[in-house]
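For reference, start_10.txt is printed below; it contains compact mmCIF, C-alpha atoms and all ligand atoms.
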```
# COMPACT_ATOMS: atom_id res chain seq x y z
CA MET A 360 281.50 236.35 50.68
CA SER A 361 278.72 238.98 50.60
CA LEU A 362 275.94 238.89 53.15
CA ALA A 363 273.43 238.00 50.41
CA ALA A 364 275.59 235.10 49.24
CA ARG A 365 275.96 233.91 52.83
CA ILE A 366 272.20 234.05 53.40
CA ALA A 367 271.62 232.21 50.12
CA GLY A 368 274.17 229.59 51.19
CA PHE A 369 272.50 229.20 54.57
CA ALA A 370 269.10 228.84 52.91
CA THR A 371 270.51 226.10 50.65
CA VAL A 372 271.84 224.22 53.69
CA LEU A 373 268.47 224.57 55.42
CA ALA A 374 266.68 223.33 52.32
CA LEU A 375 269.00 220.32 52.21
CA VAL A 376 268.41 219.57 55.89
CA PHE A 377 264.64 219.86 55.52
CA GLY A 378 264.75 217.92 52.27
CA ALA A 379 266.63 215.11 53.98
CA ALA A 380 264.23 215.18 56.93
CA ALA A 381 261.24 215.03 54.61
CA LEU A 382 262.83 212.12 52.75
CA ALA A 383 263.56 210.31 55.99
CA GLY A 384 259.98 210.97 57.11
CA SER A 385 258.49 209.64 53.91
CA ARG A 386 260.71 206.56 54.12
CA ILE A 387 259.55 205.86 57.64
CA ASP A 388 255.91 206.43 56.67
CA ALA A 389 256.25 204.07 53.72
CA ARG A 390 257.53 201.31 55.94
CA PRO A 391 255.16 199.22 58.02
CA GLY A 392 255.05 200.01 61.72
CA GLU A 393 256.10 197.37 64.20
CA ASP A 394 252.52 196.67 65.17
CA ALA A 395 251.29 196.53 61.59
CA ARG A 396 254.14 194.21 60.72
CA ASP A 397 253.23 191.92 63.62
CA ALA A 398 249.68 191.58 62.43
CA ALA A 399 250.26 191.51 58.69
CA PRO A 400 250.96 188.31 56.80
CA ALA A 401 254.35 187.76 55.21
CA ILE A 402 254.95 188.78 51.64
CA GLY A 403 254.86 185.21 50.47
CA ALA A 404 251.55 184.62 52.19
CA MET A 405 250.10 187.74 50.58
CA ALA A 406 251.25 186.54 47.22
CA ALA A 407 249.88 183.07 47.81
CA ASP A 408 246.38 184.17 48.81
CA GLY A 409 245.99 186.05 45.57
CA HIS A 410 245.61 189.48 47.16
CA GLY A 411 249.27 190.44 46.95
CA ALA A 412 249.03 192.35 43.70
CA GLU A 413 245.87 194.29 44.48
CA ARG A 414 246.78 195.09 48.08
CA GLY A 415 250.45 195.61 47.27
CA ARG A 416 249.99 198.95 45.54
CA ARG A 417 248.03 200.47 48.43
CA ALA A 418 249.03 198.80 51.66
CA PRO A 419 252.61 198.82 52.92
CA GLN A 420 254.39 195.56 52.23
CA THR A 421 255.81 193.59 55.08
CA VAL A 422 259.39 192.50 55.28
CA ARG A 423 260.95 190.20 57.81
CA GLY A 424 264.35 189.55 59.28
CA LEU A 425 265.13 193.10 60.36
CA ALA A 426 264.66 192.48 64.08
CA VAL A 427 266.13 190.15 66.69
CA SER A 428 262.87 190.33 68.64
CA GLU A 429 259.37 190.74 67.28
CA GLY A 430 255.84 189.74 68.16
CA GLY A 431 256.84 188.34 71.55
CA LEU A 432 259.61 186.06 70.31
CA THR A 433 263.34 186.67 70.54
CA LEU A 434 266.26 185.08 68.76
CA ASP A 435 268.96 184.30 71.31
CA LEU A 436 272.34 183.47 69.75
CA ALA A 437 274.62 181.69 72.22
CA ARG A 438 277.62 183.39 70.65
CA THR A 439 277.89 186.54 68.55
CA THR A 440 281.53 186.18 67.48
CA ALA A 441 283.42 183.51 65.57
CA ARG A 442 286.95 182.92 64.25
CA PRO A 443 287.43 182.87 60.46
CA GLY A 444 287.70 179.41 58.90
CA ARG A 445 287.07 177.61 62.18
CA ARG A 446 284.24 175.17 62.46
CA THR A 447 282.12 176.04 65.48
CA ASP A 448 278.75 174.97 66.72
CA LEU A 449 276.20 177.70 66.21
CA VAL A 450 273.70 177.41 69.04
CA LEU A 451 270.52 179.42 69.25
CA ARG A 452 267.15 179.37 70.89
CA ILE A 453 263.87 181.16 70.43
CA ALA A 454 262.61 182.70 73.67
CA ASP A 455 259.08 183.82 74.48
CA ARG A 456 258.08 186.99 76.39
CA ALA A 457 258.81 185.31 79.72
CA GLY A 458 262.26 184.22 78.53
CA ARG A 459 261.25 180.57 78.26
CA THR A 460 262.69 178.52 75.40
CA VAL A 461 260.12 177.80 72.70
CA ARG A 462 260.09 174.07 71.92
CA ALA A 463 257.16 173.56 69.55
CA PHE A 464 257.68 174.62 65.95
CA ASP A 465 255.61 174.01 62.83
CA VAL A 466 257.04 172.15 59.86
CA GLU A 467 257.72 174.51 56.94
CA HIS A 468 259.29 173.29 53.73
CA THR A 469 259.82 169.90 55.41
CA LYS A 470 261.86 171.41 58.31
CA ARG A 471 261.03 173.04 61.62
CA MET A 472 263.94 175.48 61.56
CA HIS A 473 265.68 177.07 58.60
CA LEU A 474 268.83 179.09 59.15
CA VAL A 475 270.24 181.46 56.58
CA VAL A 476 273.69 182.89 57.24
CA VAL A 477 275.10 185.57 54.95
CA ARG A 478 277.70 188.29 55.24
CA ARG A 479 276.44 191.90 55.23
CA ASP A 480 277.71 192.35 51.67
CA MET A 481 275.52 189.36 50.72
CA THR A 482 278.44 186.99 50.07
CA GLY A 483 279.08 183.67 51.80
CA PHE A 484 275.43 182.53 51.73
CA GLN A 485 274.62 179.37 53.67
CA HIS A 486 271.27 177.69 54.26
CA LEU A 487 271.38 175.27 57.18
CA HIS A 488 269.01 173.01 59.04
CA PRO A 489 269.97 172.76 62.70
CA THR A 490 268.94 169.96 65.01
CA GLN A 491 266.92 170.60 68.13
CA ARG A 492 268.42 169.63 71.47
CA PRO A 493 266.29 168.19 74.28
CA ASP A 494 266.35 171.61 76.00
CA GLY A 495 264.71 173.18 72.94
CA ALA A 496 267.80 175.01 71.65
CA TRP A 497 269.02 174.48 68.07
CA THR A 498 272.55 173.59 67.05
CA VAL A 499 274.40 173.29 63.77
CA PRO A 500 278.10 173.16 62.80
CA LEU A 501 279.11 176.36 61.03
CA ALA A 502 282.32 177.49 59.33
CA LEU A 503 282.69 181.06 58.08
CA ARG A 504 285.68 181.37 55.80
CA ASP A 505 285.91 185.16 55.57
CA ALA A 506 286.01 187.81 58.26
CA GLY A 507 283.15 190.28 58.43
CA SER A 508 279.76 190.98 59.90
CA TYR A 509 277.22 188.25 59.22
CA ARG A 510 273.46 188.12 59.56
CA VAL A 511 271.94 184.96 61.01
CA PHE A 512 268.29 184.57 59.98
CA ALA A 513 266.15 182.07 61.86
CA ASP A 514 263.17 181.26 59.65
CA PHE A 515 260.45 179.26 61.37
CA SER A 516 256.78 179.10 62.24
CA VAL A 517 255.18 178.92 65.68
CA GLY A 518 251.47 178.43 66.17
CA GLY A 519 250.82 178.73 62.44
CA ARG A 520 252.55 182.11 62.24
CA PRO A 521 255.70 182.31 60.11
CA ARG A 522 258.56 184.36 61.49
CA THR A 523 262.02 185.45 60.53
CA LEU A 524 264.22 186.84 63.29
CA ALA A 525 267.82 187.83 62.72
CA GLY A 526 270.92 188.67 64.71
CA ASP A 527 274.50 189.65 63.96
CA LEU A 528 277.55 187.43 64.15
CA ALA A 529 281.00 189.05 63.91
CA VAL A 530 283.98 187.22 62.46
CA ASP A 531 287.17 189.08 63.37
CA GLY A 532 289.95 189.68 60.88
CA ALA A 533 290.81 191.75 57.83
CA ILE A 534 287.64 192.28 55.82
CA ARG A 535 287.60 192.42 52.06
CA SER A 536 284.03 193.38 51.26
CA ARG A 537 282.72 193.02 47.74
CA PRO A 538 280.33 195.33 45.91
CA LEU A 539 277.01 193.86 44.83
CA ALA A 540 277.26 192.27 41.39
CA ALA A 541 275.43 193.97 38.53
CA PRO A 542 272.05 192.48 37.56
CA ALA A 543 272.38 189.58 35.10
CA PRO A 544 269.82 187.07 33.75
CA VAL A 545 272.22 184.11 33.95
CA ALA A 546 274.26 182.64 36.82
CA GLU A 547 276.82 179.84 36.75
CA THR A 548 277.08 177.34 39.57
CA ASP A 549 278.97 174.02 39.73
CA GLY A 550 279.17 173.92 35.92
CA LEU A 551 275.42 174.47 35.58
CA ARG A 552 273.92 177.46 33.84
CA VAL A 553 270.86 178.94 35.52
CA GLY A 554 268.68 181.39 33.65
CA LEU A 555 266.18 183.78 35.21
CA ASP A 556 263.22 184.72 33.05
CA HIS A 557 260.77 187.43 34.06
CA ALA A 558 259.50 190.86 33.23
CA THR A 559 261.25 193.57 35.28
CA PRO A 560 259.56 193.42 38.68
CA ARG A 561 257.86 196.53 40.02
CA ALA A 562 257.78 197.55 43.65
CA GLY A 563 254.66 196.29 45.44
CA ALA A 564 253.46 194.14 42.54
CA GLU A 565 253.73 190.40 42.35
CA ALA A 566 256.64 189.18 40.27
CA ASP A 567 256.77 185.79 38.59
CA LEU A 568 260.35 184.47 38.69
CA ARG A 569 261.02 181.48 36.45
CA PHE A 570 264.34 179.70 36.47
CA SER A 571 265.76 177.14 34.06
CA VAL A 572 268.85 174.96 34.46
CA THR A 573 271.07 173.67 31.68
CA HIS A 574 274.34 171.73 31.52
CA ASP A 575 276.36 172.16 28.31
CA GLY A 576 273.23 173.52 26.63
CA ARG A 577 271.01 170.58 27.62
CA PRO A 578 268.13 171.03 30.06
CA VAL A 579 268.78 169.54 33.50
CA ALA A 580 266.03 167.78 35.43
CA VAL A 581 265.61 169.36 38.85
CA GLU A 582 264.86 166.97 41.71
CA PRO A 583 262.56 167.76 44.63
CA TYR A 584 264.21 169.77 47.38
CA LEU A 585 262.56 170.75 50.69
CA GLY A 586 259.14 169.77 49.43
CA ALA A 587 259.32 171.83 46.24
CA ARG A 588 261.39 172.13 43.08
CA GLY A 589 263.58 174.71 44.75
CA HIS A 590 264.02 177.19 47.53
CA LEU A 591 264.49 180.92 47.02
CA VAL A 592 265.69 183.53 49.50
CA ALA A 593 265.59 187.21 48.51
CA LEU A 594 267.44 189.87 50.51
CA ARG A 595 267.16 193.62 49.99
CA ASP A 596 270.35 195.52 49.30
CA GLY A 597 270.92 198.11 52.03
CA ASP A 598 269.28 196.45 55.01
CA LEU A 599 269.11 192.73 54.16
CA ALA A 600 265.34 192.66 54.65
CA PHE A 601 264.30 189.04 54.17
CA LEU A 602 261.57 188.29 51.68
CA HIS A 603 259.79 185.03 51.90
CA VAL A 604 258.79 183.86 48.47
CA HIS A 605 256.40 181.12 47.50
CA PRO A 606 257.47 178.26 45.29
CA ASP A 607 255.37 176.63 42.65
CA PRO A 608 255.62 173.03 43.89
CA GLY A 609 255.98 171.53 40.43
CA ARG A 610 258.35 173.94 38.73
CA LEU A 611 261.37 176.11 39.39
CA ARG A 612 259.10 179.11 39.63
CA PHE A 613 258.37 181.55 42.45
CA MET A 614 255.99 184.38 43.21
CA ALA A 615 257.57 187.28 45.06
CA ALA A 616 256.34 190.76 45.94
CA PHE A 617 259.31 193.11 46.27
CA PRO A 618 258.23 195.82 48.73
CA THR A 619 260.34 198.69 47.39
CA ALA A 620 262.35 199.66 44.33
CA GLY A 621 266.07 198.96 44.40
CA ARG A 622 268.31 195.96 44.26
CA TYR A 623 267.82 192.54 45.80
CA ARG A 624 270.01 189.49 45.92
CA LEU A 625 268.30 186.24 45.02
CA PHE A 626 269.68 182.94 46.30
CA LEU A 627 268.13 180.04 44.41
CA GLN A 628 268.74 176.55 45.75
CA PHE A 629 267.81 173.45 43.87
CA ARG A 630 268.77 169.81 43.68
CA ALA A 631 270.16 168.37 40.46
CA GLU A 632 272.65 165.66 39.52
CA GLY A 633 272.45 164.34 43.08
CA ARG A 634 273.35 167.45 45.06
CA VAL A 635 272.13 170.88 46.12
CA HIS A 636 273.33 173.90 44.16
CA THR A 637 273.05 177.61 44.89
CA ALA A 638 272.70 180.16 42.09
CA GLU A 639 272.84 183.86 42.94
CA PHE A 640 271.32 186.75 41.06
CA THR A 641 271.13 190.49 41.55
CA GLN A 642 267.61 191.65 40.83
CA GLU A 643 266.68 195.20 39.97
CA VAL A 644 263.17 196.26 41.00
CA ALA A 645 261.57 199.27 39.35
CA ARG A 646 259.39 201.88 41.01
CU CU B 1 265.71 175.58 55.01
```
Taking this structure as input, can you express it in the form of structure tokens?
Amino acid sequence: MSLAARIAGFATVLALVFGAAALAGSRIDARPGEDARDAAPAIGAMAADGHGAERGRRAPQTVRGLAVSEGGLTLDLARTTARPGRRTDLVLRIADRAGRTVRAFDVEHTKRMHLVVVRRDMTGFQHLHPTQRPDGAWTVPLALRDAGSYRVFADFSVGGRPRTLAGDLAVDGAIRSRPLAAPAPVAETDGLRVGLDHATPRAGAEADLRFSVTHDGRPVAVEPYLGARGHLVALRDGDLAFLHVHPDPGRLRFMAAFPTAGRYRLFLQFRAEGRVHTAEFTQEVAR
């Protein structure tokens, strides 16, 4: 290789390194800082107060569920490993700055604690409602069929401030991870067909997600579930950032502000024909 070619090659490497650094820098800048995130309302709250769309384009959006400890509260999982297929009791507590167990929680969507457990590849979704023990800790039976690394999201509100803290739970064994499914407007669950109707959401703008349920082509009446027509959890592909979305109490319709472009997994839960169903969608969000 000639000296000139070597210098050119070196310059290319440097450009790549600086390019990557600039990209990393811009990513970090685009994300809310820890302090800003503490003070800012959740995405759902922004959407609900009507300022989501106008603020969304300028101000950084907040996401939740990326930290085990935030704003003075810490999620403390009693165990961080589990055996595949075995039913175990998942025990957790929320601790304050002094390490004391938090006992008083606000009611949100008819419950004081919502737990979402999902594997890192966004399979094996579970939404659980643990019971509080006299010592303030929460417990719920949990069985994880497949090995892998799971995220445990504790979604709750203390002192009128909604929070989502998350920790990891490892299930030992051979892992068969699955790629994220391609985006599709229809999902099948328990013989029901669930359709998702919306314009392609854009990053930072409020998206209106409307779902419909049919059984053999006939519309299915959706029964109230957790104080609304349905419950929707949205997780960002790549880091499993947790988006809180706001339901329309009367319909299977949600307002969500996706903070960044990319793919998200939507987990819609609703009650119909006497039981709760979960329909999953991959959602593409444009820049
Ligand atoms: Cu819940």
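Of the listed residues A:Gly507, A:Gly621, A:Gly518, A:Gly532, the one whose atoms come nearest to Arg561 of chain A is A:Gly621, with distances taken using all atoms listed in the file.
Using all atoms listed in the file, we find that the residues with an atom at most 10 Å from any atom of ligand CU 1 (chain B) are Glu467, His468, Thr469, Lys470, Arg471, Met472, His473, Leu474, Val475, Gln485, His486, Leu487, His488, Pro489, Ala513, Asp514, Phe515, Tyr584, Leu585, His590, Leu591, Val592 and Gln628 of chain A.
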Export, as a PDB file, in the frame of the given file, the selected residues with C-alpha atoms.
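The result, written out as out.pdb:
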```pdb
ATOM      1  CA  GLU A 467     257.720 174.510  56.940  1.00  0.00           C
ATOM      2  CA  HIS A 468     259.290 173.290  53.730  1.00  0.00           C
ATOM      3  CA  THR A 469     259.820 169.900  55.410  1.00  0.00           C
ATOM      4  CA  LYS A 470     261.860 171.410  58.310  1.00  0.00           C
ATOM      5  CA  ARG A 471     261.030 173.040  61.620  1.00  0.00           C
ATOM      6  CA  MET A 472     263.940 175.480  61.560  1.00  0.00           C
ATOM      7  CA  HIS A 473     265.680 177.070  58.600  1.00  0.00           C
ATOM      8  CA  LEU A 474     268.830 179.090  59.150  1.00  0.00           C
ATOM      9  CA  VAL A 475     270.240 181.460  56.580  1.00  0.00           C
ATOM     10  CA  GLN A 485     274.620 179.370  53.670  1.00  0.00           C
ATOM     11  CA  HIS A 486     271.270 177.690  54.260  1.00  0.00           C
ATOM     12  CA  LEU A 487     271.380 175.270  57.180  1.00  0.00           C
ATOM     13  CA  HIS A 488     269.010 173.010  59.040  1.00  0.00           C
ATOM     14  CA  PRO A 489     269.970 172.760  62.700  1.00  0.00           C
ATOM     15  CA  ALA A 513     266.150 182.070  61.860  1.00  0.00           C
ATOM     16  CA  ASP A 514     263.170 181.260  59.650  1.00  0.00           C
ATOM     17  CA  PHE A 515     260.450 179.260  61.370  1.00  0.00           C
ATOM     18  CA  TYR A 584     264.210 169.770  47.380  1.00  0.00           C
ATOM     19  CA  LEU A 585     262.560 170.750  50.690  1.00  0.00           C
ATOM     20  CA  HIS A 590     264.020 177.190  47.530  1.00  0.00           C
ATOM     21  CA  LEU A 591     264.490 180.920  47.020  1.00  0.00           C
ATOM     22  CA  VAL A 592     265.690 183.530  49.500  1.00  0.00           C
ATOM     23  CA  GLN A 628     268.740 176.550  45.750  1.00  0.00           C
TER      24      GLN A 628
END
```
(message) With distances taken over only C-alpha atoms, which residue among A:Gly563, A:Pro443, A:Gly424, A:Pro538 lies nearest Asp505 of chain A?
(response) A:Pro443
Sorted per-residue table, segment 427-460 of chain A near segment 493-501 of chain A, closest atoms and distance, 10 Å, all atoms listed in the file, as JSON lines:
```
{"residue": "A:Asp435", "atom": "CA", "partner": "A:Ala496", "partner_atom": "CA", "distance": 9.4}
{"residue": "A:Leu436", "atom": "CA", "partner": "A:Trp497", "partner_atom": "CA", "distance": 9.7}
{"residue": "A:Ala437", "atom": "CA", "partner": "A:Ala496", "partner_atom": "CA", "distance": 9.6}
{"residue": "A:Ala441", "atom": "CA", "partner": "A:Leu501", "partner_atom": "CA", "distance": 9.5}
{"residue": "A:Gly444", "atom": "CA", "partner": "A:Leu501", "partner_atom": "CA", "distance": 9.4}
{"residue": "A:Arg445", "atom": "CA", "partner": "A:Leu501", "partner_atom": "CA", "distance": 8.1}
{"residue": "A:Arg446", "atom": "CA", "partner": "A:Leu501", "partner_atom": "CA", "distance": 5.5}
{"residue": "A:Thr447", "atom": "CA", "partner": "A:Leu501", "partner_atom": "CA", "distance": 5.4}
{"residue": "A:Asp448", "atom": "CA", "partner": "A:Pro500", "partner_atom": "CA", "distance": 4.4}
{"residue": "A:Leu449", "atom": "CA", "partner": "A:Val499", "partner_atom": "CA", "distance": 5.4}
{"residue": "A:Val450", "atom": "CA", "partner": "A:Thr498", "partner_atom": "CA", "distance": 4.5}
{"residue": "A:Leu451", "atom": "CA", "partner": "A:Trp497", "partner_atom": "CA", "distance": 5.3}
{"residue": "A:Arg452", "atom": "CA", "partner": "A:Ala496", "partner_atom": "CA", "distance": 4.5}
{"residue": "A:Ile453", "atom": "CA", "partner": "A:Ala496", "partner_atom": "CA", "distance": 7.4}
{"residue": "A:Ala454", "atom": "CA", "partner": "A:Ala496", "partner_atom": "CA", "distance": 9.5}
{"residue": "A:Arg459", "atom": "CA", "partner": "A:Gly495", "partner_atom": "CA", "distance": 9.7}
{"residue": "A:Thr460", "atom": "CA", "partner": "A:Gly495", "partner_atom": "CA", "distance": 6.2}
```
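Among the candidates A:Glu639, A:Glu429, A:Asp480, A:Asp575, the one nearest to Leu625 of chain A when counting only C-alpha atoms is A:Glu639.
Computed from the coordinates, the atom CA of Asp549 of chain A to atom CA of Leu599 of chain A distance equals 25.6 Å.
The spacing separating atom CA of Arg504 of chain A from atom CA of Thr482 of chain A amounts to 10.8 Å.
Separating atom CA of Pro560 of chain A from atom CA of Pro578 of chain A is a distance of 25.5 Å.
Closest approach to Val530 of chain A among A:Arg510, A:Arg630, A:His603, A:Arg610: A:Arg510, based on only C-alpha atoms.
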Enclose the full set of atoms of segment 459-472 of chain A listed in the file within a box whose edges lie along x, y and z, apply 4 Å of padding to each of the six sides, and report centre and edge lengths in Å to one decimal as JSON.
```
{"center_x": 259.8, "center_y": 175.2, "center_z": 66.0, "size_x": 16.3, "size_y": 18.7, "size_z": 32.5}
```
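Taking only C-alpha atoms into account, Gly458 of chain A lies nearest to A:Leu434 out of the set A:Leu425, A:Ala506, A:Leu434, A:Ala566.
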(request) Go through A:Leu611, A:Ala502, A:Val466, A:Leu432 one by one, measure the shortest atom-to-atom distance of each to Ala580 of chain A using all atoms listed in the file, and give the residue with the smallest value. (result) A:Leu611
(request) Can you pull out every residue within 7 Å of Ala546 of chain A, counting all atoms listed in the file, but drop anything in the same chain fewer than 4 positions away, and send it as an MDAnalysis selection string? (result) chainID A and resid 552:554 638:640
